Amino acid sequence: MTSYPAPTDAPAAEVDADVLAQIALSRDEYERACDMLGRAPSDVELGMIGALWSEHCGYKHSRSLFQHFPTEDERILTKLGDENAGAIDIGDGWVAVMKIESHNHPSAIEPYEGAATGVGGIVRDIFAMGAQPIALLDSLRFGPLEDQRNRRLCVGVVAGIGGYGNCLGIPTVGGELVIGDSYGGNPLVNAMCLGIAPRGALISATAGPSGTQLMIVGADTGRDGLHGATFASVELDESSAERRPAVQVGNPFLEKSLMDACVGLVREHRDWLEGLQDCGAAGITSSTVEMAERANAGIRIQTQSVPRRESGMTPYEVMLSESQERMIAAVKPAHVSDVEGWFDHWDLHAEVIGEVTDDGIARVFDGELEVAAAPVSLLTGAPAYMPDAERDPDAETRSHWDPGSVPDLHSSDANDALLALLGSPNIASKRWVYRQYDHMVGTNTVVTPGSDAAVLRIRGVRQGLAVCTDGPGRAVELDPYAGSARAVAEAARNIACTGARPIAVTDCLNFANPERASIYYQLRESIRGMADACRAFGTPVVSGNASLYNESEDSPVTPTPVVGMLGIISDVNHAVRMAFQDEGDEIWLLGASLEQAASTLGGSEYLAVLQNKSAGPIDVDLEAEAALIEVLVEAAERGILKSAHDCSDGGVAVAIAESAIAGEIGTVIDAEFGARLDSALFGEAGARAIVSVDSVARSDLLEIAAMLGVHAVKLGSVGGNRLKIGEVDLPLQDVTDAWNSALPNLLDG
Amino acid sequence: MRFAVLVFPGTWSDWDCVYALEDLGQTAERVWHKESSLDEYDGVILPGGFSYGDHLRCGAIARFSPVMSALERFSVTGKPIFGSCNGFQILCEAGLLPGVLQRNASLQFRCQPQELTVERADTGFTNGCRTGQIVQLPISHGEGQYFATPDVLDELEDAGRIIFRYSGENPNGSLRDIAGIISPMGNVLGMMPHPERASDALLGGTDGNYIWRSIIERWG
């Protein structure tokens, strides 16, 4: 058996249960590391192994499932997991780069800084590739806002996202806010960033050949964020508040300078560099070791050379600090002083902290003393687990419940039911959130927040980009496979409603403790469902993040895979919005007839809000979804759609109401509702969208729908100042007020 | 015209301003805050952003940048200086305009389209408008609440130096709904809203071009 020489100046670490608990390494994993090393690790080595073998860095429970994902097509330029983010060729000489990541646990403890540094981290992942970040999205989950603690988290997280993102000059253009009981003790804060770069101008996160100099640039290193990666990989409990030092503090101003300097450096002097890498979770350890792995190399790090903001830091602390706003540049030896000079322009200090070697060993020095000498392959060789999987019997039972057993909605209650749904925080206007985010800086935001998807232009290019996030947790809980496929389908529908064709996915898997069979079942089936849906839409998964162990004393969180999707619109001047426009326009439902079976209420917002029930079957028809997307894209390209809006939460009635509110114009819907009123109005059958056209364009729409085999039914027309949807008949102003006032009423004051 | 668009560490509307001016056929160059001369330019733009991260107080550190002495010299030439958002804050901190910008009364950041009343159409920045015209320009700030002592406010009113007021709901608690003011000589204007974000029909509005075109009309 191979035995690797111990570092010359550090004894084997003394290990007990407490030490292992602090780095979230199991006894078996410790033994495994000892076997691989042929000896016991030193203190610093143990810390490095703990961080890199954490779920957060090592993807122990999710890695083996990623093989299900489609990850390639002719547009995709990166291999899943190889780089800081995924890159997609979007044509016209441009490349899009995107990724979504969680910052759930830090936000639970310290909402403002936790969310802020989540934004900082995802932005660094994008500019580490040399791309200019052009948009942020935030997918948020909190417990019920009637509870003061959840309100505090929501207010703090939104302020933190704004506080950081606004300062960077990157518009926050979209996202979600969903409220659910299970998120009370463990909110979800997922941030997605989209960047662009000229084709051929990206840089890899590699260390380069032996002799390459490793320079750190940006913030000085402090003790903040120590064990952050580990903290992200355990369940929250009553002692979690004591982990506050594991939450970092952000400095967005520094990040802005760092971003401008790094993007400029890669654009203008890529030849000075071998690689560029964000210093994120597990700090210098993960960034340098992962760079070495990509180069099949070793590294020597001199901890004494790392600029510090605190005195007396040990090599262990320097290697594992998660101080924010730091980057590692792998610089060709002849260009070290050039790089120093480049950063000096922004008053940033770049310092050589090590170099690349050819022996495959990660060596850490504290002055003359060698304190770690572990093989890179061991550090990046976290074990992969495939635990037992078993469906949660309670969720299974609930998914078999028949929504038809609930008495149908009485026609006299239809008005109140619609108002109640529009006032539910999951459906209500999110303006309270997005008006705290600068969503226009960069002057590229063509379709602003509050629509199905945001649309961005690229200056000088005809094509535009559409981007959105979706994560219907309740449906995933009831049926992880179908619910997760639906997450992808909803995202694709949102993209297509703007006229864009979906092209790629990034995903954030927010689940509870995967060591439990019911949770691992959720994770596995969710990935399978997303993977099959991505295949159906031709949208490979290019990047992502797994955030496991999302639970508190109360309970595990609802399984919440969040899909971030990118689409391309062939002419950004033809972007379609959700707002109804002109009196007399015809309103059409694409994808199905208005009559729907009671089963389509399964997992619906209607049942949740009006019956306090999360149950029923979850269906998804990927072929029908793909056909609907074709119809929407084709109709948008022909320029015949006056509006388009996805039918999802709250069904047809809510979709029509939202289009009417956005357009400030009423409707008259006089189509047949069929046997059940509740499922016709509020059922959540997929593969449907509400569009409006003028009477001239009607025949074109019908021709496209018929050609692609998509059902189209005329519901009524746009006009007046009342919202009339069959039995629903309300002044549009009342509808608008209910939708607008819900979040301010819950969150202000 | 040839414009200098000043760039401090943390500035982020610099490119947006450059593009808005270029789209109108002007020359606009980003000028780093360490430059010490603005002599070769016909006009200076101080764009939005968070110069120095708003540390200490918004605009408080930027005013000590080398380019600011050049800006003071530039201001006495009578050529136009236009500051929006953080640029307005810097002009106030530098004493080129009176008053200060405080945190919004809501204590929250606000990014939204905003209606403004044009109080005077006989300035170099508004000659393309009508007095009393309502224009729509986006706002995007956390510290836009205009504050000055009552005597300064009265002086501004009396001298007709309040050029834009918020129309409808006051988004930040600014005293007397002040959104933009001008210097006594009429060549320095600061305002919180962002005309460069309303200079392209694709983005939903072109009212910002009233301001750019007025500047070009007066000084071009």
# chains A, B, ... in the order shown; residues from 1 in each chain; ligands from 1

call {"tool": "residues_around", "arguments": {"residues": "stretch 539-553 of chain A", "least_positions_apart": "6", "cutoff": "8 Å", "atoms": "only C-alpha atoms", "output": "NGL selection string"}}
result
:A and (55-56 or 59 or 62 or 69-73 or 76 or 78-81 or 85-87 or 98-102 or 104-105 or 185-186 or 232-238 or 502-514)

call {"tool": "write_last_selection", "arguments": {"atoms": "C-alpha atoms", "output": "PDB file, in the first residue's frame"}}
result
ATOM      1  CA  GLU A  55     -20.995  17.628   1.433  1.00  0.00           C
ATOM      2  CA  HIS A  56     -20.687  21.240   0.322  1.00  0.00           C
ATOM      3  CA  TYR A  59     -20.922  16.313  -3.100  1.00  0.00           C
ATOM      4  CA  SER A  62     -25.268  13.818  -4.845  1.00  0.00           C
ATOM      5  CA  PHE A  69     -28.348  14.689 -16.115  1.00  0.00           C
ATOM      6  CA  PRO A  70     -27.957  15.439 -19.795  1.00  0.00           C
ATOM      7  CA  THR A  71     -24.916  17.719 -19.803  1.00  0.00           C
ATOM      8  CA  GLU A  72     -23.866  18.155 -23.397  1.00  0.00           C
ATOM      9  CA  ASP A  73     -24.974  19.520 -26.690  1.00  0.00           C
ATOM     10  CA  ILE A  76     -22.281  23.700 -24.213  1.00  0.00           C
ATOM     11  CA  THR A  78     -17.930  23.303 -20.271  1.00  0.00           C
ATOM     12  CA  LYS A  79     -18.201  19.916 -18.636  1.00  0.00           C
ATOM     13  CA  LEU A  80     -20.542  19.801 -15.636  1.00  0.00           C
ATOM     14  CA  GLY A  81     -18.576  20.402 -12.434  1.00  0.00           C
ATOM     15  CA  ALA A  85     -19.850  27.884 -13.739  1.00  0.00           C
ATOM     16  CA  GLY A  86     -21.321  26.489 -16.948  1.00  0.00           C
ATOM     17  CA  ALA A  87     -20.678  28.170 -20.316  1.00  0.00           C
ATOM     18  CA  MET A  98     -24.317  30.818 -15.407  1.00  0.00           C
ATOM     19  CA  LYS A  99     -24.667  29.152 -12.057  1.00  0.00           C
ATOM     20  CA  ILE A 100     -26.983  29.013  -9.067  1.00  0.00           C
ATOM     21  CA  GLU A 101     -25.845  28.425  -5.510  1.00  0.00           C
ATOM     22  CA  SER A 102     -27.350  28.273  -2.040  1.00  0.00           C
ATOM     23  CA  ASN A 104     -29.174  28.744   3.252  1.00  0.00           C
ATOM     24  CA  HIS A 105     -27.492  28.068   6.571  1.00  0.00           C
ATOM     25  CA  GLY A 185     -36.295  27.058  10.867  1.00  0.00           C
ATOM     26  CA  ASN A 186     -34.302  26.759   7.666  1.00  0.00           C
ATOM     27  CA  ALA A 232     -23.288  24.128   5.388  1.00  0.00           C
ATOM     28  CA  SER A 233     -23.126  20.368   5.619  1.00  0.00           C
ATOM     29  CA  VAL A 234     -24.804  19.689   8.946  1.00  0.00           C
ATOM     30  CA  GLU A 235     -28.336  20.165  10.230  1.00  0.00           C
ATOM     31  CA  LEU A 236     -29.222  23.355  12.067  1.00  0.00           C
ATOM     32  CA  ASP A 237     -29.942  22.994  15.786  1.00  0.00           C
ATOM     33  CA  GLU A 238     -30.199  25.177  18.874  1.00  0.00           C
ATOM     34  CA  PRO A 502     -35.005  27.339 -23.556  1.00  0.00           C
ATOM     35  CA  ILE A 503     -31.378  26.283 -23.971  1.00  0.00           C
ATOM     36  CA  ALA A 504     -29.740  25.392 -20.663  1.00  0.00           C
ATOM     37  CA  VAL A 505     -30.314  24.753 -16.975  1.00  0.00           C
ATOM     38  CA  THR A 506     -28.478  25.370 -13.740  1.00  0.00           C
ATOM     39  CA  ASP A 507     -29.943  23.796 -10.630  1.00  0.00           C
ATOM     40  CA  CYS A 508     -29.789  24.137  -6.880  1.00  0.00           C
ATOM     41  CA  LEU A 509     -30.828  21.026  -4.989  1.00  0.00           C
ATOM     42  CA  ASN A 510     -32.162  22.021  -1.572  1.00  0.00           C
ATOM     43  CA  PHE A 511     -32.879  18.887   0.418  1.00  0.00           C
ATOM     44  CA  ALA A 512     -32.729  17.647   3.993  1.00  0.00           C
ATOM     45  CA  ASN A 513     -30.368  15.031   5.434  1.00  0.00           C
ATOM     46  CA  PRO A 514     -29.670  12.507   2.635  1.00  0.00           C
TER      47      PRO A 514
END

call {"tool": "closest_atom_pairs", "arguments": {"of": "chain B", "to": "chain A", "cutoff": "10 Å", "atoms": "only C-alpha atoms", "output": "CSV"}}
result
residue,atom,partner,partner_atom,distance
B:Phe8,CA,A:Trp346,CA,9.6
B:Pro9,CA,A:Ser257,CA,6.4
B:Gly10,CA,A:Phe253,CA,6.0
B:Thr11,CA,A:Gly169,CA,8.0
B:Trp12,CA,A:Gly169,CA,5.2
B:Ser13,CA,A:Val441,CA,6.8
B:Asp14,CA,A:Gly442,CA,9.1
B:Trp15,CA,A:Gly442,CA,7.4
B:Asp16,CA,A:Gly442,CA,5.9
B:Cys17,CA,A:Thr443,CA,9.4
B:Tyr19,CA,A:Thr443,CA,9.1
B:Ala20,CA,A:Thr443,CA,9.4
B:Trp32,CA,A:His345,CA,9.7
B:Lys34,CA,A:His345,CA,9.5
B:Gly48,CA,A:Gly169,CA,9.3
B:Gly49,CA,A:Cys167,CA,6.8
B:Phe50,CA,A:Cys167,CA,5.7
B:Ser51,CA,A:Phe253,CA,8.0
B:Tyr52,CA,A:Phe253,CA,6.3
B:Gly53,CA,A:Phe253,CA,4.5
B:Asp54,CA,A:Phe253,CA,8.3
B:His55,CA,A:Phe253,CA,8.8
B:Ser106,CA,A:Asp748,CA,9.7
B:Gln108,CA,A:Gln436,CA,6.5
B:Phe109,CA,A:Gln436,CA,4.7
B:Arg110,CA,A:Gln436,CA,5.1
B:Cys111,CA,A:Arg435,CA,4.8
B:Gln112,CA,A:Arg435,CA,6.1
B:Pro113,CA,A:Arg435,CA,9.8
B:Pro138,CA,A:Met440,CA,8.4
B:Ile139,CA,A:Asp438,CA,9.0
B:Ser140,CA,A:Asp438,CA,6.0
B:His141,CA,A:Asp438,CA,8.1
B:Gly142,CA,A:Gln436,CA,8.5
B:His194,CA,A:Val441,CA,9.5
B:Glu196,CA,A:Thr443,CA,7.9
B:Arg197,CA,A:Thr443,CA,5.8
B:Ala198,CA,A:Thr443,CA,8.7
B:Ser199,CA,A:Thr443,CA,9.1
B:Asp200,CA,A:Thr443,CA,8.7
B:Ala201,CA,A:Val446,CA,9.6
B:Leu202,CA,A:Val446,CA,6.4
B:Leu203,CA,A:Val446,CA,5.1
B:Gly204,CA,A:Val446,CA,7.7

call {"tool": "closest_residue", "arguments": {"among": "B:Val76, B:Leu21, B:Leu6, B:Ala179", "to": "B:Arg63", "atoms": "only C-alpha atoms"}}
result
B:Leu6

call {"tool": "atom_distance", "arguments": {"atom1": "atom CA of A:Thr288", "atom2": "atom CA of A:Val364"}}
result
11.0 Å

call {"tool": "residues_around", "arguments": {"residues": "A:Gly143", "least_positions_apart": "5", "cutoff": "12 Å", "atoms": "only C-alpha atoms", "output": "ChimeraX atom specification"}}
result
/A:108,148-154,177-188,425-426,552,554-555,557-558

call {"tool": "write_last_selection", "arguments": {"atoms": "C-alpha atoms", "output": "PDB file, in the first residue's frame"}}
result
ATOM      1  CA  ALA A 108     -30.717  31.317   8.795  1.00  0.00           C
ATOM      2  CA  GLN A 148     -42.172  37.504  13.522  1.00  0.00           C
ATOM      3  CA  ARG A 149     -39.042  35.377  13.225  1.00  0.00           C
ATOM      4  CA  ASN A 150     -39.780  34.540   9.586  1.00  0.00           C
ATOM      5  CA  ARG A 151     -40.533  38.169   8.814  1.00  0.00           C
ATOM      6  CA  ARG A 152     -37.186  39.168  10.275  1.00  0.00           C
ATOM      7  CA  LEU A 153     -35.441  36.592   8.093  1.00  0.00           C
ATOM      8  CA  CYS A 154     -37.304  37.677   4.958  1.00  0.00           C
ATOM      9  CA  LEU A 177     -40.468  34.181  -3.071  1.00  0.00           C
ATOM     10  CA  VAL A 178     -42.326  31.161  -1.736  1.00  0.00           C
ATOM     11  CA  ILE A 179     -43.737  30.708   1.742  1.00  0.00           C
ATOM     12  CA  GLY A 180     -44.124  27.260   3.287  1.00  0.00           C
ATOM     13  CA  ASP A 181     -44.400  25.834   6.810  1.00  0.00           C
ATOM     14  CA  SER A 182     -41.303  23.655   6.479  1.00  0.00           C
ATOM     15  CA  TYR A 183     -38.943  26.568   5.781  1.00  0.00           C
ATOM     16  CA  GLY A 184     -39.474  28.192   9.182  1.00  0.00           C
ATOM     17  CA  GLY A 185     -36.295  27.058  10.867  1.00  0.00           C
ATOM     18  CA  ASN A 186     -34.302  26.759   7.666  1.00  0.00           C
ATOM     19  CA  PRO A 187     -35.002  29.355   4.996  1.00  0.00           C
ATOM     20  CA  LEU A 188     -33.685  28.783   1.493  1.00  0.00           C
ATOM     21  CA  PRO A 425     -47.847  35.568  -0.642  1.00  0.00           C
ATOM     22  CA  ASN A 426     -46.887  32.872  -3.148  1.00  0.00           C
ATOM     23  CA  SER A 552     -33.978  22.438  11.864  1.00  0.00           C
ATOM     24  CA  ASP A 554     -38.752  21.288  13.737  1.00  0.00           C
ATOM     25  CA  SER A 555     -38.463  19.215  10.596  1.00  0.00           C
ATOM     26  CA  VAL A 557     -37.502  21.285   4.568  1.00  0.00           C
ATOM     27  CA  THR A 558     -39.815  20.508   1.712  1.00  0.00           C
TER      28      THR A 558
END

call {"tool": "select_by_dssp", "arguments": {"residues": "stretch 224-341 of chain A", "states": "alpha helix (DSSP H)", "output": "PyMOL selection string"}}
result
chain A and resi 228-231+252-269+283-294+315-320+336-341

call {"tool": "residues_around", "arguments": {"residues": "B:Ala60", "least_positions_apart": "4", "cutoff": "7 Å", "atoms": "only C-alpha atoms", "output": "list in words"}}
result
Leu56, Ile90 and Glu93 of chain B

call {"tool": "write_last_selection", "arguments": {"atoms": "C-alpha atoms", "output": "mmCIF file, in the first residue's frame"}}
result
data_model
loop_
_atom_site.group_PDB
_atom_site.id
_atom_site.type_symbol
_atom_site.label_atom_id
_atom_site.label_comp_id
_atom_site.auth_asym_id
_atom_site.auth_seq_id
_atom_site.Cartn_x
_atom_site.Cartn_y
_atom_site.Cartn_z
ATOM 1 C CA LEU B 56 -18.510 56.891 5.791
ATOM 2 C CA ILE B 90 -20.756 63.684 -4.722
ATOM 3 C CA GLU B 93 -20.389 66.545 -0.681
#

call {"tool": "select_by_dssp", "arguments": {"residues": "stretch 481-717 of chain A", "states": "strand (DSSP E)", "output": "VMD selection string"}}
result
chain A and resid 501 to 510 541 to 547 560 to 569 586 to 590 643 to 646 667 to 669 689 to 693 712 to 717

call {"tool": "closest_residue", "arguments": {"among": "B:Val44, B:Leu137, B:Ile162, B:Ile215", "to": "B:Thr77", "atoms": "only C-alpha atoms"}}
result
B:Val44

call {"tool": "closest_residue", "arguments": {"among": "A:Leu65, A:Met215, A:Ile704, A:Val461", "to": "A:Gly93", "atoms": "only C-alpha atoms"}}
result
A:Val461

call {"tool": "closest_residue", "arguments": {"among": "A:Val488, A:Val97, A:Leu594, A:Leu465", "to": "A:Asp678", "atoms": "only C-alpha atoms"}}
result
A:Leu594

call {"tool": "atom_distance", "arguments": {"atom1": "atom CA of A:Ala533", "atom2": "atom CA of A:Arg638"}}
result
26.6 Å

call {"tool": "residues_around", "arguments": {"residues": "stretch 289-302 of chain A", "least_positions_apart": "4", "cutoff": "6 Å", "atoms": "only C-alpha atoms", "output": "list in words"}}
result
Ala205, Thr206, Ala207, Gly208, Thr285, Ile353, Gly354, Glu355, Val356, Thr357, Asp358, Asp359, Gly360, Ile361, Ala362, Arg363, Val364 and Phe365 of chain A

call {"tool": "atom_distance", "arguments": {"atom1": "atom CA of B:Leu156", "atom2": "atom CA of B:Gly128"}}
result
22.1 Å

call {"tool": "closest_residue", "arguments": {"among": "A:Ser424, A:Thr117, A:Ser692, A:Ser593", "to": "A:Leu746", "atoms": "only C-alpha atoms"}}
result
A:Ser424

call {"tool": "residues_around", "arguments": {"residues": "stretch 130-134 of chain B", "least_positions_apart": "5", "cutoff": "12 Å", "atoms": "only C-alpha atoms", "output": "list in words"}}
result
Gln114, Glu115, Leu116, Thr117, Val118, Glu119, Arg120, Ala121, Asp122, Thr123, Phe125, Ile163, Phe164, Arg165, Tyr166, Ser167, Gly168, Asp207, Gly208, Tyr210, Ile211 and Ser214 of chain B

call {"tool": "residues_around", "arguments": {"residues": "A:Ala466", "least_positions_apart": "3", "cutoff": "7 Å", "atoms": "only C-alpha atoms", "output": "mmCIF file with N, CA and C atoms, in the first residue's frame"}}
result
data_model
loop_
_atom_site.group_PDB
_atom_site.id
_atom_site.type_symbol
_atom_site.label_atom_id
_atom_site.label_comp_id
_atom_site.auth_asym_id
_atom_site.auth_seq_id
_atom_site.Cartn_x
_atom_site.Cartn_y
_atom_site.Cartn_z
ATOM 1 N N ALA A 453 -40.472 35.615 -17.138
ATOM 2 C CA ALA A 453 -39.007 35.549 -17.123
ATOM 3 C C ALA A 453 -38.500 36.942 -17.457
ATOM 4 N N ALA A 454 -37.309 37.247 -16.995
ATOM 5 C CA ALA A 454 -36.697 38.524 -17.365
ATOM 6 C C ALA A 454 -36.052 38.365 -18.733
ATOM 7 N N VAL A 455 -36.035 39.436 -19.496
ATOM 8 C CA VAL A 455 -35.356 39.411 -20.793
ATOM 9 C C VAL A 455 -34.278 40.491 -20.798
ATOM 10 N N LEU A 456 -33.085 40.084 -21.223
ATOM 11 C CA LEU A 456 -31.944 40.994 -21.281
ATOM 12 C C LEU A 456 -31.449 41.099 -22.707
ATOM 13 N N ILE A 495 -39.859 30.753 -19.776
ATOM 14 C CA ILE A 495 -38.924 31.268 -20.782
ATOM 15 C C ILE A 495 -39.655 31.450 -22.112
ATOM 16 N N ALA A 500 -38.760 33.255 -25.999
ATOM 17 C CA ALA A 500 -37.411 32.690 -26.063
ATOM 18 C C ALA A 500 -37.457 31.162 -26.072
ATOM 19 N N LEU A 566 -32.027 29.307 -18.820
ATOM 20 C CA LEU A 566 -31.647 30.340 -19.775
ATOM 21 C C LEU A 566 -32.295 30.042 -21.122
ATOM 22 N N GLY A 567 -32.778 31.086 -21.781
ATOM 23 C CA GLY A 567 -33.327 30.922 -23.119
ATOM 24 C C GLY A 567 -32.790 31.999 -24.037
ATOM 25 N N ILE A 568 -32.917 31.748 -25.327
ATOM 26 C CA ILE A 568 -32.494 32.747 -26.316
ATOM 27 C C ILE A 568 -33.709 33.192 -27.115
ATOM 28 N N ILE A 569 -33.886 34.488 -27.218
ATOM 29 C CA ILE A 569 -34.951 35.040 -28.045
ATOM 30 C C ILE A 569 -34.291 35.566 -29.318
#

call {"tool": "closest_residue", "arguments": {"among": "B:Asn127, B:Thr149, B:Gln89, B:Asn209", "to": "B:Arg176", "atoms": "only C-alpha atoms"}}
result
B:Thr149

call {"tool": "decode", "arguments": {"residues": "stretch 147-174 of chain B", "atoms": "C-alpha atoms", "output": "JSON list (two decimals), in the first residue's frame"}}
result
[["chain", "number", "residue", "atom", "x", "y", "z"],
["B", 147, "PHE", "CA", -32.11, 67.53, 3.06],
["B", 148, "ALA", "CA", -31.05, 71.15, 3.59],
["B", 149, "THR", "CA", -31.72, 73.76, 6.25],
["B", 150, "PRO", "CA", -34.91, 75.85, 5.81],
["B", 151, "ASP", "CA", -32.97, 78.95, 4.77],
["B", 152, "VAL", "CA", -31.10, 77.00, 2.09],
["B", 153, "LEU", "CA", -34.36, 75.51, 0.85],
["B", 154, "ASP", "CA", -35.97, 78.97, 0.73],
["B", 155, "GLU", "CA", -32.98, 80.31, -1.14],
["B", 156, "LEU", "CA", -33.25, 77.47, -3.67],
["B", 157, "GLU", "CA", -36.95, 78.17, -4.12],
["B", 158, "ASP", "CA", -36.47, 81.92, -4.44],
["B", 159, "ALA", "CA", -33.65, 81.61, -6.94],
["B", 160, "GLY", "CA", -35.59, 79.09, -9.00],
["B", 161, "ARG", "CA", -32.88, 76.48, -8.53],
["B", 162, "ILE", "CA", -35.20, 73.53, -7.93],
["B", 163, "ILE", "CA", -35.42, 72.03, -11.40],
["B", 164, "PHE", "CA", -37.13, 68.68, -10.76],
["B", 165, "ARG", "CA", -39.61, 67.64, -8.10],
["B", 166, "TYR", "CA", -41.08, 64.18, -7.49],
["B", 167, "SER", "CA", -44.61, 64.02, -8.80],
["B", 168, "GLY", "CA", -47.17, 61.81, -7.09],
["B", 169, "GLU", "CA", -45.77, 59.77, -4.21],
["B", 170, "ASN", "CA", -42.48, 61.11, -2.86],
["B", 171, "PRO", "CA", -40.29, 57.97, -3.01],
["B", 172, "ASN", "CA", -37.67, 58.91, -0.45],
["B", 173, "GLY", "CA", -38.95, 61.67, 1.81],
["B", 174, "SER", "CA", -36.99, 64.46, 0.11]]
